[in-house]
>>> print(open('start_16.csv').read())   # CSV, C-alpha atoms
chain,number,residue,atom,x,y,z
N,1,MET,CA,4.6,-23.6,-9.7
N,2,LYS,CA,1.1,-24.5,-8.4
N,3,GLN,CA,-1.9,-24.4,-10.7
N,4,ARG,CA,-4.3,-21.6,-9.9
N,5,ALA,CA,-7.9,-20.8,-10.9
N,6,PRO,CA,-8.3,-18.4,-13.9
N,7,LYS,CA,-9.6,-15.6,-11.7
N,8,ASN,CA,-7.0,-16.1,-9.0
N,9,ARG,CA,-5.2,-12.7,-8.6
N,10,THR,CA,-2.6,-13.8,-6.1
N,11,LEU,CA,0.8,-12.1,-6.7
N,12,THR,CA,3.5,-14.5,-7.8
N,13,CYS,CA,7.0,-14.2,-9.3
N,14,SER,CA,8.2,-16.3,-12.2
N,15,ASP,CA,11.7,-17.8,-12.1
N,16,GLU,CA,12.8,-14.9,-14.4
N,17,GLU,CA,11.3,-12.3,-12.1
N,18,LEU,CA,12.9,-13.9,-9.0
N,19,GLN,CA,16.2,-13.7,-10.7
N,20,GLN,CA,15.8,-10.1,-11.7
N,21,LEU,CA,14.3,-8.9,-8.4
N,22,SER,CA,16.9,-10.7,-6.3
N,23,GLN,CA,19.4,-8.3,-7.7
N,24,LYS,CA,17.5,-5.5,-6.1
N,25,ILE,CA,17.5,-7.0,-2.6
N,26,ALA,CA,19.8,-5.0,-0.3
N,27,LYS,CA,22.5,-6.3,2.0
N,28,ILE,CA,23.9,-4.6,5.1
N,29,THR,CA,27.5,-5.5,6.0
N,30,MET,CA,28.5,-2.2,7.7
N,31,PRO,CA,26.9,0.8,9.5
N,32,VAL,CA,24.5,2.7,7.3
N,33,SER,CA,22.6,6.0,7.5
N,34,ALA,CA,18.9,6.5,7.5
N,35,GLN,CA,19.2,8.0,4.0
N,36,GLU,CA,20.9,4.8,2.8
N,37,LEU,CA,18.2,2.6,4.3
N,38,HIS,CA,15.3,4.5,2.7
N,39,LEU,CA,13.5,2.4,0.1
N,40,GLN,CA,15.4,-0.7,0.9
N,41,VAL,CA,14.1,-4.3,1.2
N,42,ILE,CA,17.0,-6.0,3.1
N,43,CYS,CA,17.4,-9.8,3.2
N,44,ALA,CA,18.9,-10.2,6.7
N,45,ASP,CA,18.3,-11.4,10.2
N,46,ILE,CA,17.4,-8.3,12.2
N,47,PHE,CA,19.0,-9.7,15.3
N,48,LYS,CA,22.4,-9.6,13.5
N,49,ALA,CA,21.8,-6.6,11.2
N,50,ALA,CA,20.5,-4.2,13.9
N,51,LYS,CA,24.1,-3.4,15.0
N,52,ASN,CA,24.6,-1.6,11.7
N,53,LEU,CA,21.5,0.6,12.0
N,54,PRO,CA,21.7,4.3,13.0
N,55,GLU,CA,20.3,5.5,16.3
N,56,CYS,CA,17.2,7.5,16.7
N,57,PHE,CA,15.9,7.6,13.1
N,58,VAL,CA,12.6,5.6,13.3
N,59,ASP,CA,9.3,7.5,13.7
N,60,LEU,CA,7.1,4.4,13.5
N,61,LEU,CA,8.1,0.9,14.2
N,62,VAL,CA,5.7,-1.8,12.9
N,63,LEU,CA,6.6,-5.1,14.6
N,64,ASP,CA,4.9,-8.2,13.3
N,65,PRO,CA,7.2,-11.0,14.6
N,66,PRO,CA,6.4,-14.7,14.4
N,67,TYR,CA,3.8,-15.4,17.0
N,68,ASN,CA,4.6,-18.2,19.5
N,69,LEU,CA,3.3,-20.9,17.1
N,70,SER,CA,5.1,-23.4,15.0
N,71,LYS,CA,5.0,-22.0,11.5
N,72,ASN,CA,6.7,-22.7,8.2
N,73,PHE,CA,7.6,-19.4,6.5
N,74,ASN,CA,8.6,-20.7,3.0
N,75,GLY,CA,11.3,-23.0,4.4
N,76,HIS,CA,12.2,-20.9,7.4
N,77,LEU,CA,10.8,-22.7,10.4
N,78,PHE,CA,9.8,-21.0,13.6
N,79,LYS,CA,9.2,-23.4,16.4
N,80,ARG,CA,6.9,-22.7,19.3
N,81,LYS,CA,8.8,-22.0,22.5
N,82,ASP,CA,7.9,-22.3,26.1
N,83,ALA,CA,6.7,-19.1,27.6
N,84,ILE,CA,10.0,-17.9,29.2
N,85,ASN,CA,12.0,-18.7,26.1
N,86,TYR,CA,9.6,-16.8,23.8
N,87,GLN,CA,9.6,-13.8,26.2
N,88,ASP,CA,13.5,-13.8,26.2
N,89,TRP,CA,13.5,-13.9,22.4
N,90,PHE,CA,11.0,-11.1,22.2
N,91,GLN,CA,13.0,-9.0,24.7
N,92,ILE,CA,16.1,-9.4,22.7
N,93,ALA,CA,14.2,-8.1,19.6
N,94,LEU,CA,13.2,-5.0,21.6
N,95,ASP,CA,16.7,-4.6,22.9
N,96,VAL,CA,18.2,-4.4,19.4
N,97,LEU,CA,15.4,-2.2,17.9
N,98,THR,CA,14.9,0.3,20.7
N,99,PRO,CA,18.1,2.3,20.0
N,100,THR,CA,16.7,3.0,16.5
N,101,LEU,CA,13.6,4.8,17.9
N,102,LYS,CA,13.2,8.6,18.2
N,103,LYS,CA,12.1,9.8,21.6
N,104,ASN,CA,8.5,10.4,20.3
N,105,ALA,CA,8.3,7.3,18.2
N,106,SER,CA,5.3,5.0,18.1
N,107,ILE,CA,5.4,1.2,18.1
N,108,TYR,CA,2.7,-1.2,16.9
N,109,VAL,CA,3.2,-4.9,17.8
N,110,CYS,CA,1.0,-7.6,16.2
N,111,SER,CA,0.1,-10.7,18.1
N,112,ASP,CA,-2.4,-13.4,18.6
N,113,TRP,CA,-4.3,-13.7,21.9
N,114,LYS,CA,-2.0,-16.3,23.4
N,115,THR,CA,1.2,-14.5,22.5
N,116,SER,CA,-0.4,-11.3,23.8
N,117,MET,CA,-0.3,-12.7,27.3
N,118,LEU,CA,3.4,-13.2,27.0
N,119,ILE,CA,4.4,-9.9,25.5
N,120,ALA,CA,2.1,-7.5,27.3
N,121,PRO,CA,4.2,-7.3,30.5
N,122,ILE,CA,7.4,-6.9,28.4
N,123,LEU,CA,5.9,-4.1,26.4
N,124,GLU,CA,4.9,-2.4,29.7
N,125,GLN,CA,8.5,-2.6,30.9
N,126,ASN,CA,10.0,-1.1,27.8
N,127,PHE,CA,7.4,1.4,26.5
N,128,TYR,CA,4.3,3.3,27.3
N,129,VAL,CA,1.4,1.0,26.4
N,130,ARG,CA,-1.4,3.2,25.1
N,131,ASN,CA,-4.0,0.6,23.9
N,132,ARG,CA,-4.7,-2.8,22.6
N,133,ILE,CA,-6.4,-3.0,19.2
N,134,THR,CA,-8.3,-6.2,18.4
N,135,TRP,CA,-9.2,-6.8,14.8
N,136,GLU,CA,-11.4,-9.4,13.2
N,137,ARG,CA,-9.5,-11.6,10.8
N,138,GLU,CA,-12.7,-13.1,9.3
N,139,LYS,CA,-10.8,-16.3,8.8
N,140,GLY,CA,-10.1,-19.0,11.3
N,141,ARG,CA,-10.4,-22.7,11.8
N,142,GLY,CA,-13.5,-24.1,13.6
N,143,ALA,CA,-13.2,-26.2,16.7
N,144,LYS,CA,-15.5,-28.7,18.2
N,145,ALA,CA,-14.5,-28.0,21.9
N,146,ASN,CA,-13.7,-24.3,21.7
N,147,TRP,CA,-14.7,-21.0,20.2
N,148,LYS,CA,-13.4,-20.3,16.7
N,149,ASN,CA,-10.4,-18.0,16.9
N,150,ASN,CA,-10.7,-15.2,14.3
N,151,THR,CA,-9.2,-12.1,16.0
N,152,GLU,CA,-5.7,-10.8,16.4
N,153,ASP,CA,-4.2,-8.0,18.6
N,154,ILE,CA,-2.1,-5.0,17.8
N,155,TRP,CA,-0.5,-3.3,20.8
N,156,PHE,CA,-0.1,0.5,20.5
N,157,CYS,CA,2.9,1.8,22.4
N,158,THR,CA,5.0,4.9,22.4
N,159,ASN,CA,8.7,5.4,23.2
N,160,GLY,CA,7.9,8.5,25.3
N,161,GLU,CA,5.2,10.5,26.9
N,162,GLU,CA,4.9,12.8,23.8
N,163,TYR,CA,3.9,11.3,20.5
N,164,TYR,CA,2.1,12.0,17.2
N,165,PHE,CA,-1.4,10.8,16.7
N,166,ASN,CA,-3.8,12.0,14.0
N,167,ILE,CA,-7.3,10.8,14.6
N,168,GLU,CA,-8.7,12.8,11.7
N,169,SER,CA,-6.8,10.7,9.2
N,170,VAL,CA,-8.4,7.4,10.3
N,171,LYS,CA,-12.1,8.1,10.7
N,172,LEU,CA,-14.4,5.4,9.5
N,173,LYS,CA,-17.3,6.2,7.2
N,174,ARG,CA,-20.5,4.3,8.3
N,175,LYS,CA,-24.0,4.2,7.1
N,176,VAL,CA,-26.5,5.9,9.5
N,177,LEU,CA,-29.5,3.6,10.1
N,178,ALA,CA,-31.5,6.1,12.3
N,179,PRO,CA,-30.4,9.6,11.2
N,180,TYR,CA,-31.0,12.3,13.9
N,181,ARG,CA,-32.0,15.8,12.9
N,182,GLU,CA,-31.8,19.0,14.8
N,183,ASN,CA,-34.0,21.9,13.6
N,184,GLY,CA,-34.7,19.8,10.5
N,185,MET,CA,-31.0,19.5,9.6
N,186,PRO,CA,-28.8,16.4,9.7
N,187,LYS,CA,-26.8,16.2,12.9
N,188,ASP,CA,-23.3,14.7,12.6
N,189,TRP,CA,-24.2,13.0,9.3
N,190,GLN,CA,-24.4,13.7,5.6
N,191,GLN,CA,-27.0,12.7,3.0
N,192,GLU,CA,-25.4,11.2,-0.2
N,193,SER,CA,-26.8,9.6,-3.3
N,194,ALA,CA,-26.0,6.1,-1.8
N,195,GLY,CA,-27.5,6.8,1.6
N,196,ASN,CA,-26.8,8.6,4.9
N,197,PHE,CA,-23.3,8.5,6.2
N,198,ARG,CA,-21.3,9.6,9.3
N,199,LEU,CA,-17.6,9.9,9.9
N,200,THR,CA,-16.9,8.2,13.2
N,201,HIS,CA,-14.0,8.0,15.5
N,202,PRO,CA,-12.4,4.6,15.3
N,203,SER,CA,-12.4,2.4,18.4
N,204,ASN,CA,-9.9,-0.3,19.4
N,205,ILE,CA,-12.2,-3.0,17.9
N,206,TRP,CA,-11.8,-3.2,14.1
N,207,THR,CA,-14.4,-5.2,12.2
N,208,ASP,CA,-13.9,-3.6,8.8
N,209,MET,CA,-11.0,-5.7,7.6
N,210,THR,CA,-10.9,-8.1,4.8
N,211,VAL,CA,-7.9,-10.5,5.1
N,212,PRO,CA,-6.2,-10.9,1.7
N,213,PHE,CA,-7.3,-13.9,-0.3
N,214,TRP,CA,-7.1,-15.2,-3.8
N,215,SER,CA,-9.4,-12.7,-5.6
N,216,MET,CA,-7.6,-9.7,-4.2
N,217,PRO,CA,-4.6,-8.3,-6.1
N,218,GLU,CA,-2.7,-7.6,-2.9
N,219,ASN,CA,-2.8,-11.3,-1.9
N,220,THR,CA,0.4,-13.4,-1.8
N,221,ASP,CA,1.1,-16.9,-0.5
N,222,HIS,CA,2.6,-15.6,2.7
N,223,PRO,CA,0.8,-17.5,5.5
N,224,THR,CA,0.3,-14.5,7.9
N,225,GLN,CA,-0.1,-11.5,5.5
N,226,LYS,CA,-1.7,-8.4,6.9
N,227,PRO,CA,-4.3,-6.3,4.9
N,228,GLU,CA,-3.0,-3.1,3.4
N,229,LYS,CA,-6.0,-1.4,4.9
N,230,LEU,CA,-4.9,-2.4,8.4
N,231,MET,CA,-1.4,-1.1,7.9
N,232,ALA,CA,-2.7,2.2,6.4
N,233,LYS,CA,-4.6,2.9,9.6
N,234,LEU,CA,-1.4,2.5,11.7
N,235,ILE,CA,0.7,4.5,9.4
N,236,LEU,CA,-1.7,7.4,8.9
N,237,ALA,CA,-2.5,7.6,12.6
N,238,SER,CA,1.0,7.5,13.9
N,239,SER,CA,3.3,9.1,11.3
N,240,LYS,CA,3.4,12.1,9.0
N,241,PRO,CA,4.4,12.2,5.3
N,242,GLY,CA,8.2,11.9,5.2
N,243,ASP,CA,8.5,10.1,8.5
N,244,PHE,CA,10.5,6.9,8.6
N,245,VAL,CA,8.7,3.6,9.0
N,246,LEU,CA,10.7,0.5,9.9
N,247,ASP,CA,9.4,-3.1,9.7
N,248,PRO,CA,12.0,-5.6,10.9
N,249,PHE,CA,9.9,-8.7,10.0
N,250,LEU,CA,8.6,-7.5,6.6
N,251,GLY,CA,7.2,-10.8,5.2
N,252,SER,CA,5.7,-10.1,1.8
N,253,GLY,CA,6.1,-6.4,2.2
N,254,THR,CA,2.7,-4.9,3.2
N,255,THR,CA,4.2,-2.3,5.5
N,256,ALA,CA,6.6,-1.1,2.9
N,257,VAL,CA,4.0,-1.1,0.2
N,258,VAL,CA,1.6,1.0,2.2
N,259,ALA,CA,4.3,3.3,3.4
N,260,GLU,CA,5.3,3.9,-0.2
N,261,LYS,CA,1.7,4.6,-1.2
N,262,LEU,CA,1.3,7.1,1.7
N,263,ASN,CA,4.6,9.0,1.0
N,264,ARG,CA,6.5,7.8,4.0
N,265,ARG,CA,10.2,6.8,4.1
N,266,TRP,CA,10.6,3.2,4.9
N,267,ALA,CA,12.9,0.1,5.1
N,268,GLY,CA,12.2,-3.5,5.8
N,269,PHE,CA,14.1,-6.6,6.9
N,270,GLU,CA,13.1,-10.1,5.9
N,271,LEU,CA,14.9,-13.5,6.2
N,272,ASN,CA,13.4,-15.2,3.2
N,273,SER,CA,14.7,-14.0,-0.2
N,274,GLU,CA,11.6,-15.1,-2.1
N,275,TYR,CA,9.4,-13.0,0.2
N,276,CYS,CA,11.8,-10.1,-0.4
N,277,CYS,CA,11.1,-10.5,-4.2
N,278,TRP,CA,7.4,-10.5,-3.6
N,279,ALA,CA,7.7,-7.4,-1.6
N,280,LEU,CA,9.8,-5.7,-4.3
N,281,LYS,CA,7.3,-6.6,-7.0
N,282,ARG,CA,4.4,-5.2,-4.9
N,283,ILE,CA,6.4,-2.0,-4.2
N,284,GLU,CA,7.0,-1.5,-7.9
N,285,LYS,CA,3.2,-1.8,-8.5
N,286,ALA,CA,2.6,0.6,-5.6
N,287,CYS,CA,4.7,3.2,-7.4
N,288,ARG,CA,2.3,3.0,-10.3
N,289,ASP,CA,-0.9,2.6,-8.4
N,290,SER,CA,-1.4,4.1,-4.9
N,291,LYS,CA,-5.0,2.8,-4.3
N,292,ILE,CA,-5.6,1.0,-1.0
N,293,GLN,CA,-8.6,-1.2,-0.9
N,294,GLY,CA,-11.2,0.2,1.6
N,295,TYR,CA,-9.6,3.6,1.8
N,296,LYS,CA,-10.5,6.4,-0.6
N,297,ASP,CA,-10.5,10.2,-0.6
N,298,GLY,CA,-9.0,10.3,2.9
N,299,VAL,CA,-11.7,8.1,4.4
N,300,PHE,CA,-11.9,4.4,5.6
N,301,TRP,CA,-15.0,2.6,4.6
N,302,GLU,CA,-16.8,-0.3,6.2
N,303,ARG,CA,-16.1,-3.6,4.6
N,304,ASN,CA,-17.8,-4.1,1.2
N,305,SER,CA,-19.5,-0.7,1.2
N,306,LEU,CA,-17.3,1.3,-1.1
N,307,ALA,CA,-18.2,-0.7,-4.2
N,308,GLU,CA,-21.9,0.1,-3.7
N,309,GLN,CA,-21.0,3.8,-3.3
N,310,ASN,CA,-18.9,4.0,-6.5
N,311,LYS,CA,-21.3,1.9,-8.6
N,312,PRO,CA,-18.7,1.0,-11.2
N,313,THR,CA,-19.9,0.2,-14.6
N,314,ARG,CA,-16.9,-1.3,-16.4
N,315,LYS,CA,-16.0,-4.9,-15.6
N,316,SER,CA,-12.4,-4.0,-14.6
N,317,GLU,CA,-13.8,-1.4,-12.1
N,318,ILE,CA,-16.2,-4.0,-10.6
N,319,GLN,CA,-13.3,-6.5,-10.1
N,320,GLU,CA,-11.1,-3.8,-8.6
N,321,ASP,CA,-13.7,-2.6,-6.0
N,322,LEU,CA,-15.4,-6.0,-5.4
N,323,LEU,CA,-14.0,-6.3,-1.9
N,324,VAL,CA,-13.3,-3.4,0.4
>>> encode(input="start_16.csv", output="structure tokens")
Amino acid sequence: MKQRAPKNRTLTCSDEELQQLSQKIAKITMPVSAQELHLQVICADIFKAAKNLPECFVDLLVLDPPYNLSKNFNGHLFKRKDAINYQDWFQIALDVLTPTLKKNASIYVCSDWKTSMLIAPILEQNFYVRNRITWEREKGRGAKANWKNNTEDIWFCTNGEEYYFNIESVKLKRKVLAPYRENGMPKDWQQESAGNFRLTHPSNIWTDMTVPFWSMPENTDHPTQKPEKLMAKLILASSKPGDFVLDPFLGSGTTAVVAEKLNRRWAGFELNSEYCCWALKRIEKACRDSKIQGYKDGVFWERNSLAEQNKPTRKSEIQEDLLV
């Protein structure tokens, strides 16, 4: 096991924990019902396991497949394909997953900018494409002959013309720099002890994310882990409590963790057994602590602003709210 700094909060599993948690990983060898799938982290290849899934049970599909990049996922290698082969691979993924969707289901598909060019026409052929969200990753390697790449895309699609979307659940709380008054009263903003704030409708450009890293308790060693805050926005906007959320490329479990915290039903598939164990450990913690960094009292906050609002006094509180 690698040596870590004393203040590193990255979630890990000891050999003993891996042995214990591996006993809780689900397997699917025959057709199952949605009720049997609920709360299951399944170690399986979704391309093979999908034949055993029920039809029309998914309210929200969160699809975060390997981008068209060569990447090592803890020993599982995904090699970059030429454009046509990647498109064929992606279409097969949609073919096996589409039967699981309800008619009014929503689909979010994560991608980088290059992969977006490949999957956009395929998404248009299979679903109703509603929007493309671009979010700032904050991280990214510099380049001498190009612009630094620090954004990713999320394609918002629906399976039909009718779908659920709750804009009130995903408003962003922003500081008002030039508050406007009407007849001496605040217009569309509120005065609070920490300043003047307004709840705003979110756009399809998200700059309020903090990518998990070593000082955050949600962080793991997964190379492409998504922030819990990001998944919370997708789940709150496009599902109701009790709806079923499916993630067929679960990774270290962020979708399942957030679905659990927000009282959704969920299931996830992941090829790597160690990632499954990380996910299970995170889910067990989520059952005891439903906090989502950057989201509190039904409101999303701008990055790094909630700690200032809360003004924690105890050391543990300061560490917990340090990054939002």
>>> residues_around(input="start_16.csv", residues="range 257-267 of chain N", least_positions_apart="3", cutoff="7 Å", atoms="only C-alpha atoms", output="list of chain:residue names")
N:Leu37, N:His38, N:Leu39, N:Gln40, N:Val41, N:Glu228, N:Met231, N:Ala232, N:Pro241, N:Gly242, N:Asp243, N:Phe244, N:Val245, N:Leu246, N:Asp247, N:Gly253, N:Thr254, N:Arg282, N:Ile283, N:Ala286, N:Ser290
>>> residues_near_point(input="start_16.csv", point="(20.7, -2.8, 14.0)", cutoff="12 Å", atoms="all atoms listed in the file", output="number ranges by chain")
N: 28-34, 37, 42, 44-58, 92-101, 246, 248, 268-269
>>> closest_residue(input="start_16.csv", among="N:Ser239, N:Lys102, N:Glu16, N:Thr224", to="Gly251 in chain N", atoms="only C-alpha atoms")
N:Thr224
>>> residues_near_point(input="start_16.csv", point="(1.9, 15.2, 21.7)", cutoff="12 Å", atoms="all atoms listed in the file", output="PyMOL selection string")
chain N and resi 103-106+158+160-166+238
>>> closest_atom_pairs(input="start_16.csv", of="range 59-147 of chain N", to="range 186-204 of chain N", cutoff="12 Å", atoms="all atoms listed in the file", output="Markdown table")
| residue | atom | partner | partner_atom | distance |
| --- | --- | --- | --- | --- |
| N:Arg130 | CA | N:Asn204 | CA | 10.8 |
| N:Asn131 | CA | N:Asn204 | CA | 7.5 |
| N:Arg132 | CA | N:Asn204 | CA | 6.6 |
| N:Ile133 | CA | N:Asn204 | CA | 4.4 |
| N:Thr134 | CA | N:Asn204 | CA | 6.2 |
| N:Trp135 | CA | N:Asn204 | CA | 8.0 |
| N:Glu136 | CA | N:Asn204 | CA | 11.1 |
>>> atom_distance(input="start_16.csv", atom1="CA of Leu280 in chain N", atom2="CA of Lys79 in chain N")
27.2 Å
>>> closest_residue(input="start_16.csv", among="N:Trp278, N:Trp113, N:Tyr128, N:Tyr295", to="Asn150 in chain N", atoms="all atoms listed in the file")
N:Trp113
